[in-house]
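Take a look at the structure set out below.
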Amino acid sequence: MPGDSGFEDILSSMEKFIRDRYALARAQLDAPGNRPAVRPEPSGPEPEGPKPGPPSADAPSDLRAIKVTSASVELQWVDHAKGEMAYIVQRCSGAEATDFVNVIGQAGQNLTAAIDRQVQPGMTCRYRVYAVLPAPQGSHGPGLSNAVTVTIPEN
């Protein structure tokens, strides 16, 4: 403060500030006044994650199952994307099914493999994969890889 000319003046100013601030806070706690009405936040749709896009040259290709056991499926593909931030593996149940859902998300660039450990013996499933690219309006996916059908062996 401009009037502070020494250590004692500085301590005195600080003490006055603290006492004044405490008095104001105490008065606000003792008589808080009317509280504003609670307004619920408008609920909008849940934000959606990235989705695969139309066919493109940067889509993964040559998806194949390289190891299938009763507990897991190891998938491998050829990466064509540039600047990707992740890969999403989709799966659906049934040899002719088309209701794919995202089951594995892996962050990183130049990924070419994933393992699905959420399988059951005897199930038949189809897989496909796509890259996730960053964009100013939100991440998006280029085209999809080919689909591969796998039957999980019994124990």
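Within each chain, counting starts at residue 1; across the structure tokens, chains are named A, B, ... in the order shown, with ligands numbered 1 upward in that order.
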Ile152 in chain A: which residues within 7 Å, counting only C-alpha atoms, same-chain residues fewer than 5 positions away excluded, as a PyMOL selection string? chain A and resi 68-70+120-124
May I have the selected residues written with C-alpha atoms, as a PDB file, in the first residue's frame?
ATOM      1  CA  VAL A  68      -8.128 -67.884 -32.829  1.00  0.00           C
ATOM      2  CA  THR A  69      -8.516 -69.710 -29.505  1.00  0.00           C
ATOM      3  CA  SER A  70     -11.512 -70.459 -27.299  1.00  0.00           C
ATOM      4  CA  GLN A 120     -17.187 -67.171 -25.997  1.00  0.00           C
ATOM      5  CA  PRO A 121     -16.451 -70.686 -27.256  1.00  0.00           C
ATOM      6  CA  GLY A 122     -18.698 -71.641 -30.176  1.00  0.00           C
ATOM      7  CA  MET A 123     -19.644 -68.080 -31.122  1.00  0.00           C
ATOM      8  CA  THR A 124     -19.300 -66.840 -34.683  1.00  0.00           C
TER       9      THR A 124
END
Which residues of range 8-61 of chain A come within 7 Å of range 125-135 of chain A, and what is each one's closest atom pair and distance in Å (one decimal), counting only C-alpha atoms, sorted by chain and residue number, as a Markdown table?
| residue | atom | partner | partner_atom | distance |
| --- | --- | --- | --- | --- |
| A:Pro50 | CA | A:Val132 | CA | 6.8 |
| A:Pro52 | CA | A:Tyr130 | CA | 6.2 |
| A:Ala59 | CA | A:Tyr130 | CA | 6.3 |
| A:Pro60 | CA | A:Tyr130 | CA | 6.1 |
Mind writing the picked residues with C-alpha atoms as a PDB file, in the first residue's frame?
ATOM      1  CA  PRO A  50     -15.999 -41.380 -33.923  1.00  0.00           C
ATOM      2  CA  PRO A  52     -16.250 -44.942 -39.760  1.00  0.00           C
ATOM      3  CA  ALA A  59      -8.802 -47.129 -44.650  1.00  0.00           C
ATOM      4  CA  PRO A  60      -7.114 -50.206 -43.171  1.00  0.00           C
TER       5      PRO A  60
END
Every residue of range 27-123 of chain A that DSSP places in strand (DSSP E or B), as an MDAnalysis selection string: chainID A and resid 61:68 73:78 86:93 101:107 113:116
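In this model, the gap between CA of Gln137 in chain A and CA of Ala113 in chain A comes to 27.9 Å.
The residue that comes closest to Val119 in chain A, out of A:Pro153, A:Gly138, A:Gly33, A:Gly105 and on the basis of only C-alpha atoms, is A:Pro153.
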To one decimal place in Å, what is the distance between CA of Asp116 in chain A and CA of Leu75 in chain A?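 That distance, rounded to one decimal, is 7.9 Å.
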Shell of 10 Å around Ser56 in chain A, only C-alpha atoms, local chain residues under 3 positions omitted, as a PyMOL selection string: chain A and resi 53+59-60+80-81+141-145
Rounded to one decimal, what separation in Å do you get between CA of Val89 in chain A and CA of Ile104 in chain A?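 Rounded to one decimal, the two atoms are 5.0 Å apart.
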Of the candidates A:Ala71, A:Ala37, A:Thr149, A:Asn110, which one gets nearest to Asp58 in chain A if we count only C-alpha atoms? A:Asn110
Using only C-alpha atoms for the distances, tell me which of A:Lys67, A:Arg117, A:Lys82, A:Lys16 is nearest to Val150 in chain A.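 That would be A:Lys67, the residue with the smallest distance to Val150 in chain A.
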When DSSP is applied to the backbone of this structure, which of chain A are assigned alpha helix (DSSP H)? Write them out as a ChimeraX atom specification. /A:7-30
Kindly export the residues of the current selection with C-alpha atoms, as an mmCIF file, in the first residue's frame.
data_model
loop_
_atom_site.group_PDB
_atom_site.id
_atom_site.type_symbol
_atom_site.label_atom_id
_atom_site.label_comp_id
_atom_site.auth_asym_id
_atom_site.auth_seq_id
_atom_site.Cartn_x
_atom_site.Cartn_y
_atom_site.Cartn_z
ATOM 1 C CA PHE A 7 7.754 -3.685 8.210
ATOM 2 C CA GLU A 8 5.367 -2.648 11.023
ATOM 3 C CA ASP A 9 3.165 -0.696 8.561
ATOM 4 C CA ILE A 10 3.019 -3.690 6.209
ATOM 5 C CA LEU A 11 2.026 -6.048 9.043
ATOM 6 C CA SER A 12 -0.586 -3.559 10.244
ATOM 7 C CA SER A 13 -2.055 -3.271 6.709
ATOM 8 C CA MET A 14 -2.185 -7.042 6.351
ATOM 9 C CA GLU A 15 -3.851 -7.434 9.749
ATOM 10 C CA LYS A 16 -6.469 -4.774 8.877
ATOM 11 C CA PHE A 17 -7.155 -6.471 5.517
ATOM 12 C CA ILE A 18 -7.558 -9.880 7.181
ATOM 13 C CA ARG A 19 -9.875 -8.517 9.900
ATOM 14 C CA ASP A 20 -11.995 -6.618 7.339
ATOM 15 C CA ARG A 21 -12.195 -9.659 5.076
ATOM 16 C CA TYR A 22 -13.139 -11.906 7.996
ATOM 17 C CA ALA A 23 -15.873 -9.456 9.090
ATOM 18 C CA LEU A 24 -17.303 -9.382 5.556
ATOM 19 C CA ALA A 25 -17.213 -13.182 5.248
ATOM 20 C CA ARG A 26 -18.831 -13.609 8.679
ATOM 21 C CA ALA A 27 -21.609 -11.157 7.730
ATOM 22 C CA GLN A 28 -22.224 -13.032 4.461
ATOM 23 C CA LEU A 29 -22.414 -16.352 6.295
ATOM 24 C CA ASP A 30 -24.770 -14.960 8.955
#
Extract, using only C-alpha atoms, all DNA, RNA and protein residues at most 9 Å from Leu111 in chain A, discarding same-chain residues fewer than 4 positions from it, and format them as a CSV table (one decimal) with C-alpha atoms, in the first residue's frame.
chain,number,residue,atom,x,y,z
A,77,TRP,CA,-4.4,-55.5,-40.7
A,78,VAL,CA,-2.4,-53.2,-43.0
A,79,ASP,CA,-2.4,-49.5,-41.9
A,86,ALA,CA,-6.4,-44.4,-32.6
A,87,TYR,CA,-8.0,-47.5,-34.1
A,106,GLN,CA,-6.5,-48.5,-29.1
A,107,ALA,CA,-4.8,-45.1,-29.0
